[in-house]
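Engineer: Got a file for you: upload.cif, mmCIF, C-alpha atoms.
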```cif
data_query
loop_
_atom_site.group_PDB
_atom_site.id
_atom_site.type_symbol
_atom_site.label_atom_id
_atom_site.label_comp_id
_atom_site.auth_asym_id
_atom_site.auth_seq_id
_atom_site.Cartn_x
_atom_site.Cartn_y
_atom_site.Cartn_z
ATOM 1 C CA MET Q 1 28.467 21.928 -18.956
ATOM 2 C CA SER Q 2 31.927 20.385 -18.876
ATOM 3 C CA MET Q 3 32.138 16.911 -17.375
ATOM 4 C CA ARG Q 4 35.145 14.845 -16.431
ATOM 5 C CA GLU Q 5 34.520 11.292 -15.317
ATOM 6 C CA LEU Q 6 35.514 7.677 -15.790
ATOM 7 C CA VAL Q 7 32.811 5.187 -16.763
ATOM 8 C CA VAL Q 8 33.770 1.551 -16.202
ATOM 9 C CA LEU Q 9 32.456 -0.954 -18.741
ATOM 10 C CA GLY Q 10 34.239 -4.044 -17.448
ATOM 11 C CA THR Q 11 36.756 -5.077 -14.812
ATOM 12 C CA ALA Q 12 37.699 -8.726 -15.460
ATOM 13 C CA SER Q 13 41.109 -9.940 -16.557
ATOM 14 C CA GLN Q 14 41.446 -12.669 -19.162
ATOM 15 C CA THR Q 15 38.123 -14.377 -18.373
ATOM 16 C CA PRO Q 16 34.789 -12.634 -17.696
ATOM 17 C CA THR Q 17 32.708 -13.758 -14.725
ATOM 18 C CA ARG Q 18 29.027 -13.584 -13.841
ATOM 19 C CA GLN Q 19 29.669 -10.213 -12.181
ATOM 20 C CA ARG Q 20 32.473 -8.822 -14.334
ATOM 21 C CA ASN Q 21 32.600 -8.100 -18.050
ATOM 22 C CA HIS Q 22 35.835 -8.014 -19.996
ATOM 23 C CA ASN Q 23 37.767 -4.729 -19.842
ATOM 24 C CA GLY Q 24 36.448 -1.459 -21.159
ATOM 25 C CA TYR Q 25 36.764 2.102 -19.882
ATOM 26 C CA LEU Q 26 35.281 5.391 -21.058
ATOM 27 C CA LEU Q 27 36.798 8.713 -20.089
ATOM 28 C CA ARG Q 28 34.490 11.658 -20.567
ATOM 29 C CA TRP Q 29 36.647 14.803 -20.569
ATOM 30 C CA ASP Q 30 34.789 17.982 -21.540
ATOM 31 C CA ASP Q 31 33.874 17.575 -25.213
ATOM 32 C CA ASP Q 32 35.999 14.445 -25.739
ATOM 33 C CA VAL Q 33 35.155 10.818 -24.988
ATOM 34 C CA PHE Q 34 38.067 8.369 -24.890
ATOM 35 C CA LEU Q 35 37.486 4.611 -25.078
ATOM 36 C CA PHE Q 36 40.265 2.540 -23.543
ATOM 37 C CA ASP Q 37 40.811 -1.196 -24.138
ATOM 38 C CA PRO Q 38 37.399 -2.348 -25.374
ATOM 39 C CA GLY Q 39 37.093 -6.060 -24.587
ATOM 40 C CA GLU Q 40 34.236 -8.336 -25.586
ATOM 41 C CA GLY Q 41 30.844 -6.970 -24.631
ATOM 42 C CA SER Q 42 31.932 -3.327 -24.488
ATOM 43 C CA GLN Q 43 29.370 -2.280 -27.071
ATOM 44 C CA ARG Q 44 26.530 -3.767 -25.029
ATOM 45 C CA GLN Q 45 27.878 -2.376 -21.758
ATOM 46 C CA MET Q 46 27.793 1.097 -23.301
ATOM 47 C CA LEU Q 47 24.026 0.804 -23.673
ATOM 48 C CA HIS Q 48 23.802 1.091 -19.885
ATOM 49 C CA THR Q 49 25.960 4.207 -19.621
ATOM 50 C CA GLY Q 50 24.189 6.907 -21.602
ATOM 51 C CA ILE Q 51 27.262 7.213 -23.829
ATOM 52 C CA SER Q 52 26.896 6.136 -27.450
ATOM 53 C CA ALA Q 53 29.319 5.419 -30.274
ATOM 54 C CA THR Q 54 28.507 8.832 -31.723
ATOM 55 C CA ASP Q 55 30.111 10.396 -28.633
ATOM 56 C CA LEU Q 56 33.484 8.705 -29.093
ATOM 57 C CA THR Q 57 36.358 10.876 -30.250
ATOM 58 C CA ARG Q 58 39.373 8.632 -29.560
ATOM 59 C CA ILE Q 59 40.108 4.933 -28.953
ATOM 60 C CA CYS Q 60 43.259 3.844 -27.107
ATOM 61 C CA VAL Q 61 44.431 0.226 -26.983
ATOM 62 C CA THR Q 62 47.259 -0.738 -24.630
ATOM 63 C CA HIS Q 63 48.044 -4.096 -26.287
ATOM 64 C CA PHE Q 64 46.524 -6.902 -28.308
ATOM 65 C CA HIS Q 65 45.696 -9.560 -25.761
ATOM 66 C CA GLY Q 66 42.064 -10.506 -26.359
ATOM 67 C CA ASP Q 67 40.565 -9.161 -23.143
ATOM 68 C CA HIS Q 68 41.754 -5.690 -24.161
ATOM 69 C CA CYS Q 69 40.808 -5.587 -27.823
ATOM 70 C CA LEU Q 70 38.218 -8.164 -28.927
ATOM 71 C CA GLY Q 71 35.490 -5.538 -28.617
ATOM 72 C CA LEU Q 72 37.155 -3.437 -31.321
ATOM 73 C CA PRO Q 73 35.391 -5.008 -34.333
ATOM 74 C CA GLY Q 74 31.955 -4.253 -32.954
ATOM 75 C CA MET Q 75 32.895 -0.732 -31.862
ATOM 76 C CA ILE Q 76 34.449 0.124 -35.226
ATOM 77 C CA GLN Q 77 31.463 -1.231 -37.134
ATOM 78 C CA ARG Q 78 29.113 0.647 -34.818
ATOM 79 C CA LEU Q 79 30.783 3.935 -35.747
ATOM 80 C CA SER Q 80 29.741 3.354 -39.347
ATOM 81 C CA LEU Q 81 26.337 1.925 -38.486
ATOM 82 C CA ASP Q 82 25.525 5.039 -36.446
ATOM 83 C CA ARG Q 83 26.978 7.263 -39.181
ATOM 84 C CA VAL Q 84 29.399 9.090 -36.923
ATOM 85 C CA THR Q 85 30.295 12.243 -38.816
ATOM 86 C CA HIS Q 86 33.431 13.324 -36.968
ATOM 87 C CA PRO Q 87 36.812 11.567 -37.274
ATOM 88 C CA VAL Q 88 37.761 9.130 -34.504
ATOM 89 C CA ALA Q 89 41.457 8.648 -33.761
ATOM 90 C CA VAL Q 90 42.706 5.164 -32.859
ATOM 91 C CA HIS Q 91 45.983 4.522 -31.019
ATOM 92 C CA PHE Q 92 47.661 1.160 -30.433
ATOM 93 C CA PRO Q 93 51.187 -0.294 -30.318
ATOM 94 C CA ALA Q 94 52.702 -0.089 -33.789
ATOM 95 C CA GLU Q 95 54.022 -3.650 -33.572
ATOM 96 C CA GLY Q 96 50.394 -4.781 -33.371
ATOM 97 C CA ALA Q 97 49.344 -3.131 -36.653
ATOM 98 C CA GLU Q 98 48.547 -6.512 -38.210
ATOM 99 C CA TYR Q 99 46.263 -7.401 -35.301
ATOM 100 C CA PHE Q 100 44.494 -4.069 -35.638
ATOM 101 C CA ALA Q 101 43.994 -4.552 -39.372
ATOM 102 C CA ARG Q 102 42.444 -7.966 -38.760
ATOM 103 C CA LEU Q 103 40.140 -6.649 -36.049
ATOM 104 C CA ARG Q 104 39.110 -3.658 -38.123
ATOM 105 C CA HIS Q 105 37.958 -5.911 -40.938
ATOM 106 C CA ALA Q 106 36.943 -8.962 -38.915
ATOM 107 C CA SER Q 107 33.675 -9.263 -40.851
ATOM 108 C CA SER Q 108 31.913 -7.716 -43.797
ATOM 109 C CA PHE Q 109 30.457 -4.225 -43.313
ATOM 110 C CA TYR Q 110 30.205 -0.937 -45.171
ATOM 111 C CA GLU Q 111 32.738 1.386 -43.589
ATOM 112 C CA THR Q 112 31.691 5.015 -43.685
ATOM 113 C CA ALA Q 113 33.201 6.359 -40.467
ATOM 114 C CA GLU Q 114 36.522 8.160 -40.668
ATOM 115 C CA LEU Q 115 39.136 6.403 -38.534
ATOM 116 C CA ARG Q 116 42.400 8.247 -38.035
ATOM 117 C CA VAL Q 117 44.837 5.419 -37.399
ATOM 118 C CA GLU Q 118 47.738 6.775 -35.323
ATOM 119 C CA PRO Q 119 49.929 3.944 -33.951
ATOM 120 C CA ILE Q 120 52.245 4.410 -30.981
ATOM 121 C CA GLU Q 121 55.763 3.942 -32.326
ATOM 122 C CA ALA Q 122 57.996 5.010 -29.442
ATOM 123 C CA ASP Q 123 58.135 5.276 -25.685
ATOM 124 C CA GLY Q 124 57.160 8.784 -24.616
ATOM 125 C CA GLN Q 125 55.268 9.569 -27.819
ATOM 126 C CA ARG Q 126 53.036 12.606 -27.357
ATOM 127 C CA ILE Q 127 49.839 13.376 -29.214
ATOM 128 C CA THR Q 128 48.184 16.774 -29.116
ATOM 129 C CA VAL Q 129 44.515 16.502 -28.184
ATOM 130 C CA GLY Q 130 41.849 19.105 -27.523
ATOM 131 C CA VAL Q 131 42.490 19.334 -23.791
ATOM 132 C CA GLY Q 132 46.262 19.038 -23.800
ATOM 133 C CA THR Q 133 48.598 16.125 -24.442
ATOM 134 C CA LEU Q 134 48.086 12.363 -24.603
ATOM 135 C CA GLU Q 135 51.340 10.619 -23.735
ATOM 136 C CA ALA Q 136 52.151 6.923 -24.214
ATOM 137 C CA ARG Q 137 54.731 5.082 -22.107
ATOM 138 C CA ARG Q 138 56.046 1.571 -22.656
ATOM 139 C CA LEU Q 139 55.094 -1.001 -20.028
ATOM 140 C CA ARG Q 140 56.546 -4.410 -19.137
ATOM 141 C CA HIS Q 141 54.435 -7.263 -20.486
ATOM 142 C CA PRO Q 142 55.142 -10.262 -22.767
ATOM 143 C CA LEU Q 143 53.464 -8.396 -25.650
ATOM 144 C CA GLU Q 144 54.315 -4.813 -26.654
ATOM 145 C CA THR Q 145 52.203 -2.691 -24.326
ATOM 146 C CA TYR Q 146 51.769 1.031 -23.727
ATOM 147 C CA GLY Q 147 49.959 2.917 -20.994
ATOM 148 C CA TYR Q 148 48.486 6.356 -21.547
ATOM 149 C CA ARG Q 149 48.193 9.571 -19.608
ATOM 150 C CA LEU Q 150 46.243 12.702 -20.409
ATOM 151 C CA VAL Q 151 47.890 15.924 -19.268
ATOM 152 C CA GLU Q 152 46.112 19.260 -19.221
ATOM 153 C CA PRO Q 153 48.500 22.248 -19.317
ATOM 154 C CA ASP Q 154 48.673 24.484 -16.280
ATOM 155 C CA GLY Q 155 46.552 27.609 -16.355
ATOM 156 C CA CYS Q 156 46.144 30.489 -13.966
ATOM 157 C CA ARG Q 157 43.508 31.597 -11.489
ATOM 158 C CA MET Q 158 42.999 35.323 -11.086
ATOM 159 C CA LEU Q 159 42.836 36.648 -7.521
ATOM 160 C CA PRO Q 160 39.870 39.041 -7.157
ATOM 161 C CA GLU Q 161 41.315 40.836 -4.142
ATOM 162 C CA LYS Q 162 44.557 41.649 -5.966
ATOM 163 C CA LEU Q 163 42.733 42.717 -9.118
ATOM 164 C CA SER Q 164 40.624 45.022 -6.981
ATOM 165 C CA ALA Q 165 43.691 46.471 -5.260
ATOM 166 C CA TYR Q 166 45.039 47.551 -8.648
ATOM 167 C CA GLY Q 167 41.638 48.721 -9.878
ATOM 168 C CA ILE Q 168 41.504 46.122 -12.643
ATOM 169 C CA ALA Q 169 38.019 45.017 -13.661
ATOM 170 C CA GLY Q 170 35.810 44.154 -16.635
ATOM 171 C CA PRO Q 171 37.437 43.815 -20.082
ATOM 172 C CA ALA Q 172 40.811 44.793 -18.603
ATOM 173 C CA VAL Q 173 40.975 41.401 -16.851
ATOM 174 C CA GLY Q 174 40.687 39.622 -20.177
ATOM 175 C CA GLU Q 175 43.373 41.810 -21.694
ATOM 176 C CA LEU Q 176 45.687 41.092 -18.763
ATOM 177 C CA LEU Q 177 45.134 37.356 -19.225
ATOM 178 C CA ARG Q 178 45.707 37.568 -22.949
ATOM 179 C CA VAL Q 179 48.722 39.912 -23.054
ATOM 180 C CA GLY Q 180 50.339 39.022 -19.730
ATOM 181 C CA HIS Q 181 50.621 42.569 -18.425
ATOM 182 C CA LEU Q 182 48.619 45.784 -18.145
ATOM 183 C CA ASP Q 183 49.640 49.411 -17.567
ATOM 184 C CA VAL Q 184 47.587 50.923 -14.728
ATOM 185 C CA ASP Q 185 48.140 54.512 -13.554
ATOM 186 C CA GLY Q 186 51.680 54.563 -14.858
ATOM 187 C CA ARG Q 187 52.579 51.176 -13.360
ATOM 188 C CA ARG Q 188 52.906 47.897 -15.230
ATOM 189 C CA VAL Q 189 50.986 45.079 -13.536
ATOM 190 C CA THR Q 190 51.937 41.575 -14.621
ATOM 191 C CA ARG Q 191 49.621 38.580 -14.711
ATOM 192 C CA ASP Q 192 51.807 36.788 -12.151
ATOM 193 C CA GLU Q 193 51.209 39.579 -9.624
ATOM 194 C CA VAL Q 194 47.437 39.040 -9.579
ATOM 195 C CA SER Q 195 47.121 35.297 -10.141
ATOM 196 C CA VAL Q 196 48.279 31.882 -8.999
ATOM 197 C CA THR Q 197 48.991 28.793 -11.059
ATOM 198 C CA ARG Q 198 45.999 26.555 -11.658
ATOM 199 C CA PRO Q 199 47.508 23.082 -12.042
ATOM 200 C CA GLY Q 200 46.235 21.158 -15.035
ATOM 201 C CA GLN Q 201 44.519 17.862 -14.348
ATOM 202 C CA ARG Q 202 46.054 14.478 -15.142
ATOM 203 C CA PHE Q 203 44.505 11.112 -15.906
ATOM 204 C CA ALA Q 204 46.574 7.919 -16.154
ATOM 205 C CA PHE Q 205 45.653 4.508 -17.533
ATOM 206 C CA VAL Q 206 47.962 1.592 -16.707
ATOM 207 C CA MET Q 207 47.038 -1.906 -17.798
ATOM 208 C CA ASP Q 208 48.915 -5.220 -18.059
ATOM 209 C CA THR Q 209 52.425 -4.680 -16.744
ATOM 210 C CA GLY Q 210 54.996 -5.572 -14.182
ATOM 211 C CA LEU Q 211 56.663 -2.807 -12.206
ATOM 212 C CA CYS Q 212 58.787 -0.609 -14.469
ATOM 213 C CA ASP Q 213 59.741 3.024 -15.022
ATOM 214 C CA GLY Q 214 56.787 3.516 -17.353
ATOM 215 C CA VAL Q 215 54.314 2.764 -14.572
ATOM 216 C CA TYR Q 216 55.739 5.521 -12.392
ATOM 217 C CA ALA Q 217 56.028 7.983 -15.270
ATOM 218 C CA LEU Q 218 52.346 7.540 -16.072
ATOM 219 C CA ALA Q 219 51.184 7.724 -12.458
ATOM 220 C CA GLU Q 220 53.182 10.833 -11.507
ATOM 221 C CA HIS Q 221 50.833 13.357 -9.843
ATOM 222 C CA ALA Q 222 47.766 11.816 -11.482
ATOM 223 C CA ASP Q 223 44.464 13.170 -10.260
ATOM 224 C CA LEU Q 224 42.888 9.863 -11.317
ATOM 225 C CA LEU Q 225 44.940 6.700 -11.831
ATOM 226 C CA VAL Q 226 43.257 3.624 -13.315
ATOM 227 C CA ILE Q 227 45.620 0.711 -12.805
ATOM 228 C CA GLU Q 228 45.505 -3.044 -13.080
ATOM 229 C CA SER Q 229 45.715 -5.083 -9.878
ATOM 230 C CA THR Q 230 45.236 -8.542 -11.284
ATOM 231 C CA PHE Q 231 46.548 -10.372 -8.226
ATOM 232 C CA LEU Q 232 46.853 -10.084 -4.479
ATOM 233 C CA GLU Q 233 50.257 -10.048 -2.801
ATOM 234 C CA SER Q 234 50.005 -13.755 -2.008
ATOM 235 C CA GLU Q 235 50.488 -14.349 -5.753
ATOM 236 C CA ALA Q 236 53.256 -11.762 -6.186
ATOM 237 C CA ALA Q 237 55.647 -14.304 -7.708
ATOM 238 C CA LEU Q 238 53.053 -15.328 -10.294
ATOM 239 C CA ALA Q 239 52.279 -11.668 -11.029
ATOM 240 C CA ALA Q 240 55.947 -10.975 -11.749
ATOM 241 C CA GLU Q 241 56.238 -14.059 -13.937
ATOM 242 C CA VAL Q 242 53.317 -13.137 -16.207
ATOM 243 C CA GLY Q 243 53.793 -9.343 -16.218
ATOM 244 C CA HIS Q 244 51.081 -8.107 -13.874
ATOM 245 C CA LEU Q 245 50.687 -6.105 -10.670
ATOM 246 C CA THR Q 246 49.295 -6.875 -7.261
ATOM 247 C CA ALA Q 247 46.955 -4.561 -5.385
ATOM 248 C CA ALA Q 248 49.756 -3.746 -2.956
ATOM 249 C CA GLN Q 249 52.148 -2.828 -5.763
ATOM 250 C CA ALA Q 250 49.555 -0.618 -7.438
ATOM 251 C CA ALA Q 251 48.867 1.123 -4.139
ATOM 252 C CA ARG Q 252 52.561 1.709 -3.458
ATOM 253 C CA VAL Q 253 52.965 3.208 -6.930
ATOM 254 C CA ALA Q 254 50.060 5.562 -6.220
ATOM 255 C CA ALA Q 255 51.438 6.582 -2.835
ATOM 256 C CA GLU Q 256 54.944 7.218 -4.158
ATOM 257 C CA SER Q 257 53.652 9.108 -7.203
ATOM 258 C CA GLY Q 258 51.358 11.577 -5.440
ATOM 259 C CA VAL Q 259 48.124 10.197 -6.881
ATOM 260 C CA HIS Q 260 44.857 11.713 -5.675
ATOM 261 C CA THR Q 261 42.346 8.978 -6.560
ATOM 262 C CA LEU Q 262 43.360 5.364 -7.186
ATOM 263 C CA VAL Q 263 41.075 3.041 -9.171
ATOM 264 C CA LEU Q 264 41.972 -0.661 -9.012
ATOM 265 C CA THR Q 265 40.688 -2.941 -11.765
ATOM 266 C CA HIS Q 266 41.459 -5.949 -14.049
ATOM 267 C CA PHE Q 267 40.864 -8.595 -11.403
ATOM 268 C CA SER Q 268 41.681 -12.268 -11.783
ATOM 269 C CA GLN Q 269 38.645 -14.552 -11.743
ATOM 270 C CA ARG Q 270 40.248 -16.485 -8.867
ATOM 271 C CA TYR Q 271 39.111 -13.805 -6.397
ATOM 272 C CA ALA Q 272 35.432 -13.714 -5.489
ATOM 273 C CA ASP Q 273 35.605 -10.980 -2.836
ATOM 274 C CA PRO Q 274 36.738 -7.547 -4.147
ATOM 275 C CA ARG Q 275 37.108 -6.237 -0.601
ATOM 276 C CA ARG Q 276 40.391 -8.109 -0.365
ATOM 277 C CA PHE Q 277 41.879 -5.731 -2.963
ATOM 278 C CA ALA Q 278 40.734 -2.710 -0.992
ATOM 279 C CA ASP Q 279 42.099 -4.103 2.269
ATOM 280 C CA GLU Q 280 45.487 -4.838 0.728
ATOM 281 C CA ALA Q 281 45.757 -1.488 -1.061
ATOM 282 C CA ARG Q 282 44.709 0.512 1.990
ATOM 283 C CA GLU Q 283 47.784 -0.699 3.860
ATOM 284 C CA HIS Q 284 49.908 1.371 1.449
ATOM 285 C CA PHE Q 285 47.732 4.182 0.077
ATOM 286 C CA ALA Q 286 45.907 6.802 2.154
ATOM 287 C CA GLY Q 287 44.195 8.729 -0.649
ATOM 288 C CA ASP Q 288 40.839 8.138 -2.280
ATOM 289 C CA LEU Q 289 40.561 4.456 -3.187
ATOM 290 C CA VAL Q 290 38.067 2.816 -5.555
ATOM 291 C CA VAL Q 291 37.757 -0.896 -6.299
ATOM 292 C CA ALA Q 292 36.160 -0.740 -9.735
ATOM 293 C CA GLU Q 293 32.858 -2.429 -10.485
ATOM 294 C CA ASP Q 294 31.169 -2.807 -13.855
ATOM 295 C CA LEU Q 295 29.106 0.247 -14.879
ATOM 296 C CA MET Q 296 30.520 2.358 -12.053
ATOM 297 C CA THR Q 297 31.136 6.066 -12.631
ATOM 298 C CA VAL Q 298 34.132 7.726 -10.956
ATOM 299 C CA PRO Q 299 34.390 11.524 -11.165
ATOM 300 C CA VAL Q 300 37.750 13.112 -11.827
ATOM 301 C CA PRO Q 301 38.525 14.846 -8.510
ATOM 302 C CA PRO Q 302 38.449 18.646 -8.311
ATOM 303 C CA ARG Q 303 41.481 20.579 -9.454
ATOM 304 C CA ARG Q 304 44.326 20.880 -7.047
ATOM 305 C CA VAL Q 305 44.575 24.503 -5.921
ATOM 306 C CA ALA Q 306 47.920 26.237 -5.727
ATOM 307 C CA SER Q 307 48.509 28.593 -2.837
ATOM 308 C CA ALA Q 308 48.654 32.333 -3.412
ATOM 309 C CA GLY Q 309 52.177 32.432 -2.047
#
```
Output the file's structure as structure tokens, nothing else.
Structural biologist:
Amino acid sequence: MSMRELVVLGTASQTPTRQRNHNGYLLRWDDDVFLFDPGEGSQRQMLHTGISATDLTRICVTHFHGDHCLGLPGMIQRLSLDRVTHPVAVHFPAEGAEYFARLRHASSFYETAELRVEPIEADGQRITVGVGTLEARRLRHPLETYGYRLVEPDGCRMLPEKLSAYGIAGPAVGELLRVGHLDVDGRRVTRDEVSVTRPGQRFAFVMDTGLCDGVYALAEHADLLVIESTFLESEAALAAEVGHLTAAQAARVAAESGVHTLVLTHFSQRYADPRRFADEAREHFAGDLVVAEDLMTVPVPPRRVASAG
């Protein structure tokens, strides 16, 4: 059965705490499993999730600060240790190719897994994946950084009452879907007459960044937005100086971008009480709000349903 959910491996920024591991996020999307920003300890955190290295199909790194990538050597070696038979694509900023090469061969091991190394070379780069398109957008951080969004193409939902009115049933429905029209009793019935658009789902992943156009482009109409909120608004000046967001800024982005479910993460170790992030974000965002915790699972919300017009 198809499953779409986010599994959180770690939620700390820069420095792990007793309660928070370094970054790491798994997106299970039908038959694909994406691993985003594996920090230290990601391999061990995965042992608690029921997802193994053999499930991974794609790894996406936003940038090469240590809390977002120092788990890569262990994950890459694990792919070979577990004899993963399918290719695993790896995306990262092209300017960081030297960092990736070092991490890939950080220690001696016998590499048998097939890594398809596909760097991100330009803002707006699109990669065709099984469920649609993976798009990378440049973010604003001292080091070259890209966020990612997964976009499923729109489909259509057939309307049983309209199919029935035209006497269309059984294999004829499939033909109508496939061809786009069907001749019934001397009249041509088009697919648009008996269906409505089924909006494709969108997932967005926004890590270390200050506010910029790329943040909004990634968040636009996301069903599930995972976004850093390293600081609270009381440290807004510091956040701007070092290229990070506050919980309030992340929430305003979500509200202005039509996000369904907002997941805040990447918290500074200076904050002991995560409820403060929720309280600050709730002042600006009325949708579903999640303050991420290690090993939490967040389902992708149900598809948005278009009206029949």
Engineer: List the residues matched by the PyMOL selection byres ((chain Q and resi 4) around 8) in the displayed structure as a PyMOL selection string, ordered by chain and then by residue number.
Structural biologist: chain Q and resi 2-3+5-6+27-30+299-300
Engineer: For the PyMOL selection byres ((chain Q and resi 270) around 12), applied here, can you spell out every residue it catches as number ranges by chain?
Structural biologist: Q: 12-17, 230-232, 235, 266-269, 271-274, 276
Engineer: I'd like a table as a Markdown table: residues in stretch 19-50 of chain Q with an atom no more than 12 Å from stretch 253-265 of chain Q, each row giving the shortest atom pair and its distance in Å to one decimal, all atoms listed in the file counted, sorted by chain and rising residue number.
Structural biologist:
```
| residue | atom | partner | partner_atom | distance |
| --- | --- | --- | --- | --- |
| Q:Arg20 | CA | Q:Thr265 | CA | 10.4 |
| Q:Asn21 | CA | Q:Thr265 | CA | 11.5 |
| Q:His22 | CA | Q:Thr265 | CA | 10.8 |
| Q:Asn23 | CA | Q:Thr265 | CA | 8.8 |
| Q:Gly24 | CA | Q:Thr265 | CA | 10.4 |
| Q:Tyr25 | CA | Q:Thr265 | CA | 10.3 |
```
Engineer: Please indicate the distance in Å from atom CA of Q:Thr246 to atom CA of Q:His68, rounded to one decimal place.
Structural biologist: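 Value for the atom CA of Q:Thr246-atom CA of Q:His68 distance: 18.5 Å.
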Engineer: Can you list what the PyMOL selection byres ((chain Q and resi 280) around 9) grabs from this structure, as a list in words?
Structural biologist: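 Residues picked by the PyMOL selection byres ((chain Q and resi 280) around 9): Leu232, Glu233, Ala247, Ala248, Ala251, Arg275, Arg276, Phe277, Ala278, Asp279, Ala281, Arg282, Glu283 and His284 of chain Q.
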Engineer: I need the residue nearest Q:Gly74 from this list: Q:Leu211, Q:Ala106, Q:Leu289, Q:Val90. Use all atoms listed in the file for the distance.
Structural biologist: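 Using all atoms listed in the file, the shortest distance to Q:Gly74 belongs to Q:Ala106.
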Engineer: So what do you get for atom CA of Q:Gly124 versus atom CA of Q:Tyr148, distance-wise?
Structural biologist: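 The value is 9.5 Å.
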Engineer: Find the residue from Q:Leu225, Q:Leu79, Q:Val189, Q:Ala94 that sits nearest to Q:Gln201; use only C-alpha atoms when measuring.
Structural biologist: Q:Leu225
Engineer: Of the candidates Q:Thr209, Q:Gln43, Q:Thr297, Q:Gln19, which shows the shortest atom-to-atom distance to Q:His141, using all atoms listed in the file?
Structural biologist: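 Closest to Q:His141 of all the choices is Q:Thr209.
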Engineer: With distances taken over only C-alpha atoms, which of Q:Arg304, Q:Pro38, Q:Pro87, Q:Ala97 is nearest to Q:Leu70?
Structural biologist: Q:Pro38
Engineer: Could you tell me how far atom CA of Q:Arg78 lies from atom CA of Q:Glu293, in Å and to one decimal?
Structural biologist: 24.8 Å
Engineer: Padding 8 Å on each side, edges along x, y and z: where is the centre of the box around the listed atoms of stretch 169-180 of chain Q, and how long are its edges in Å to one decimal? Output it as lines of an AutoDock Vina configuration file.
Structural biologist:
```
center_x = 43.1
center_y = 41.2
center_z = -18.4
size_x = 30.5
size_y = 23.7
size_z = 25.4
```
